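Structure file protein22.txt (compact mmCIF, C-alpha atoms) is printed below.
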# COMPACT_ATOMS: atom_id res chain seq x y z
CA MET A 197 1.31 8.72 -67.94
CA LEU A 198 -0.52 9.85 -70.99
CA SER A 199 -3.62 7.96 -72.15
CA ILE A 200 -1.52 6.92 -75.12
CA VAL A 201 0.63 4.76 -72.83
CA HIS A 202 -2.07 3.48 -70.47
CA GLY A 203 -4.40 2.53 -73.32
CA THR A 204 -1.79 0.74 -75.43
CA THR A 205 -0.39 -1.07 -72.39
CA GLY A 206 -3.88 -2.33 -71.56
CA ALA A 207 -4.39 -3.40 -75.16
CA LEU A 208 -1.09 -5.29 -75.17
CA ILE A 209 -1.84 -7.14 -71.94
CA ALA A 210 -5.37 -8.05 -73.06
CA SER A 211 -4.12 -9.28 -76.44
CA LYS A 212 -1.35 -11.42 -74.92
CA ILE A 213 -3.31 -12.82 -71.94
CA PRO A 214 -6.79 -13.88 -73.08
CA ASN A 215 -8.03 -14.89 -69.62
CA PRO A 216 -9.82 -11.78 -68.26
CA PHE A 217 -9.46 -12.97 -64.65
CA ILE A 218 -5.72 -12.56 -65.11
CA SER A 219 -5.44 -9.79 -67.70
CA LEU A 220 -7.89 -7.26 -66.24
CA PRO A 221 -6.26 -7.06 -62.78
CA LEU A 222 -2.85 -6.87 -64.49
CA ILE A 223 -4.06 -3.99 -66.64
CA ILE A 224 -5.32 -2.06 -63.59
CA ALA A 225 -2.05 -2.75 -61.76
CA SER A 226 -0.06 -1.61 -64.80
CA HIS A 227 -1.84 1.74 -64.74
CA PHE A 228 -0.67 2.46 -61.22
CA LEU A 229 2.80 1.03 -61.83
CA GLU A 230 3.24 3.21 -64.91
CA ASP A 231 2.13 6.23 -62.90
CA ARG A 232 4.95 5.48 -60.42
CA ILE A 233 7.50 6.22 -63.17
CA PRO A 234 8.32 9.95 -63.11
CA HIS A 235 6.59 11.37 -66.15
CA TRP A 236 4.95 14.42 -67.67
CA ASP A 237 1.28 14.30 -68.57
CA VAL A 238 -1.88 16.28 -69.04
CA SER A 239 -3.22 15.53 -65.55
CA GLN A 240 -0.61 17.83 -64.10
CA GLY A 241 -2.73 20.60 -65.56
CA LEU A 242 -5.88 19.13 -64.06
CA THR A 243 -4.63 19.40 -60.52
CA SER A 244 -2.15 22.28 -60.66
CA ARG A 245 -2.76 25.98 -60.42
CA HIS A 246 -0.41 26.74 -63.33
CA LYS A 247 -2.66 25.42 -66.06
CA SER A 248 -6.41 25.64 -66.30
CA LYS A 249 -8.44 22.47 -65.95
CA ARG A 250 -10.24 23.39 -69.13
CA ALA A 251 -7.06 23.66 -71.22
CA ALA A 252 -5.75 20.37 -69.83
CA PHE A 253 -9.09 18.69 -70.46
CA PHE A 254 -9.16 19.84 -74.09
CA GLN A 255 -5.57 18.70 -74.60
CA GLU A 256 -6.56 15.29 -73.28
CA LEU A 257 -9.82 15.17 -75.25
CA PHE A 258 -8.51 16.31 -78.64
CA PHE A 259 -4.93 15.02 -78.66
CA ASP A 260 -4.03 12.34 -76.13
CA PHE A 261 -7.27 10.37 -76.10
CA PRO A 262 -7.70 10.15 -79.92
CA LEU A 263 -4.02 9.30 -80.37
CA SER A 264 -4.41 6.41 -77.91
CA VAL A 265 -7.30 5.06 -80.01
CA LEU A 266 -5.25 5.45 -83.20
CA LEU A 267 -2.24 3.63 -81.74
CA VAL A 268 -4.36 0.72 -80.50
CA TYR A 269 -5.87 0.48 -83.97
CA LEU A 270 -2.45 0.63 -85.69
CA PHE A 271 -0.67 -1.73 -83.27
CA PHE A 272 -3.43 -4.32 -82.82
CA GLN A 273 -6.00 -4.15 -85.65
CA VAL A 274 -4.40 -3.19 -88.96
CA GLY A 275 -4.24 -6.21 -91.24
CA ARG A 276 -6.00 -8.44 -88.72
CA PRO A 277 -9.60 -9.50 -88.17
CA PHE A 278 -11.40 -7.42 -85.55
CA ASP A 279 -10.45 -8.44 -82.02
CA TRP A 280 -12.34 -6.90 -79.12
CA ARG A 281 -9.70 -7.79 -76.50
CA PRO A 282 -7.31 -4.89 -77.26
CA TRP A 283 -10.24 -2.47 -77.04
CA ILE A 284 -11.38 -3.85 -73.68
CA GLY A 285 -7.75 -3.63 -72.54
CA TRP A 286 -7.57 -0.04 -73.78
CA PHE A 287 -10.69 0.87 -71.80
CA VAL A 288 -9.58 -0.88 -68.60
CA GLY A 289 -6.11 0.67 -68.93
CA LEU A 290 -7.74 4.10 -68.82
CA LEU A 291 -10.41 3.19 -66.25
CA PRO A 292 -8.60 4.66 -63.20
CA ASP A 293 -8.47 8.02 -64.99
CA PHE A 294 -12.13 7.75 -66.02
CA ILE A 295 -13.10 7.03 -62.41
CA GLU A 296 -11.48 10.28 -61.29
CA PHE A 297 -13.49 12.38 -63.74
CA PRO A 298 -16.35 13.14 -61.27
CA TYR A 299 -13.83 13.98 -58.55
CA ILE A 300 -11.90 16.44 -60.72
CA PHE A 301 -14.60 18.02 -62.87
CA LEU A 302 -17.90 17.59 -61.07
CA ASN A 303 -16.58 18.22 -57.55
CA ARG A 304 -18.04 14.91 -56.35
CA ARG A 305 -16.22 14.05 -53.15
CA GLY A 306 -17.86 10.89 -51.83
CA TYR A 307 -15.84 8.78 -49.41
CA LEU A 308 -14.89 6.00 -51.87
CA LEU A 309 -14.09 8.44 -54.66
CA LYS A 310 -11.99 10.53 -52.31
CA GLN A 311 -10.04 7.46 -51.14
CA PHE A 312 -9.51 6.33 -54.73
CA ALA A 313 -8.32 9.81 -55.77
CA ARG A 314 -5.95 9.89 -52.80
CA PHE A 315 -4.43 6.52 -53.79
CA HIS A 316 -4.20 7.53 -57.45
CA SER A 317 -2.53 10.79 -56.47
CA TRP A 318 -0.08 8.91 -54.24
CA SER A 319 0.88 6.59 -57.09
CA HIS A 320 1.38 9.49 -59.50
CA GLN A 321 5.00 10.64 -59.92
CA SER A 322 5.22 13.74 -62.08
CA THR A 323 8.01 15.81 -63.52
CA PRO A 324 7.55 19.24 -65.10
CA ASN A 325 10.41 18.57 -67.54
CA LYS A 326 8.72 17.49 -70.75
CA PHE A 327 11.77 15.80 -72.28
CA TRP A 328 12.56 13.61 -69.27
CA GLY A 329 8.85 13.14 -68.65
CA LEU A 330 8.03 12.01 -72.18
CA LEU A 331 11.15 9.89 -72.72
CA PRO A 332 10.04 6.93 -70.53
CA GLN A 333 6.65 7.03 -72.21
CA ALA A 334 8.23 6.87 -75.65
CA LEU A 335 10.30 3.89 -74.51
CA VAL A 336 7.19 2.12 -73.21
CA LEU A 337 5.42 2.74 -76.54
CA LEU A 338 8.41 1.43 -78.47
CA THR A 339 8.42 -1.71 -76.31
CA ILE A 340 4.67 -2.17 -76.89
CA LEU A 341 5.19 -1.79 -80.65
CA LEU A 342 7.88 -4.48 -80.57
CA LEU A 343 5.71 -6.84 -78.51
CA SER A 344 2.43 -6.25 -80.32
CA PRO A 345 1.12 -9.05 -82.54
Encoded form (structure tokens):
Amino acid sequence: MLSIVHGTTGALIASKIPNPFISLPLIIASHFLEDRIPHWDVSQGLTSRHKSKRAAFFQELFFDFPLSVLLVYLFFQVGRPFDWRPWIGWFVGLLPDFIEFPYIFLNRRGYLLKQFARFHSWSHQSTPNKFWGLLPQALVLLTILLLSP
């Protein structure tokens, strides 16, 4: 899934479940569960030969990542006092992707990182069709909008 979905899902869970011993594991689990839904995302370019890692990285850095921050702000902060929980949820929702950064870009292949990347890759269900790959993500975002405070 795009960072837009993982980040806003994490923010929603953290804002609805204030106990971090419950919310944080749920946010991590939601990341992998969302990745099980066939989807299109930038990471397909990070691991495929059809698109350069650099182009995919810049798409993530300048479009997907900032848009995820903007949506968390719009869904969870506008018109409300500052609440740190959605931002922690946003970060934890993206944490599995952040953990893979050294594996993908720095060619760090330690045992634990390799095992994590293998599990993350296993949980990732991609589709090259952008319409059918973005549709479930749009539906998740609509659901989050409806459930946000």
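Here CA of Ser211 (chain A) and CA of Val336 (chain A) stand 16.4 Å from one another.
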Nearby residues, (-4.1, 3.9, -79.1) file frame, 9 Å, only C-alpha atoms, as a list in words: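 Using only C-alpha atoms, the matching residues come out as Ser199, Ile200, Val201, His202, Gly203, Thr204, Ala207, Asp260, Phe261, Pro262, Leu263, Ser264, Val265, Leu266, Leu267, Val268, Tyr269, Leu270, Phe271 and Trp286 of chain A.
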Please report, as AutoDock Vina command-line options, the centre and edge lengths in Å to one decimal of an axis-aligned box covering all listed atoms of region 261-265 of chain A with 3 Å per side.
--center_x -5.9 --center_y 7.7 --center_z -78.2 --size_x 9.7 --size_y 11.3 --size_z 10.3
Rank nothing, just name the residue among A:Phe254, A:Trp283, A:Trp328, A:Phe272 nearest to Pro345 (chain A), using only C-alpha atoms. A:Phe272
Minimum-distance residue to Phe259 (chain A), chosen among A:Leu341, A:Gly329, A:Asp237, A:Leu309 (using all atoms listed in the file):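 For Phe259 (chain A), the nearest of the candidates is A:Asp237.
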Take the point (0.9, 9.8, -59.7) in the file's coordinates, draw a sphere of radius 9 Å around it, and report as a ChimeraX atom specification every protein, DNA or RNA residue with an atom inside or on it, counting all atoms listed in the file. /A:197,228,230-235,315-322
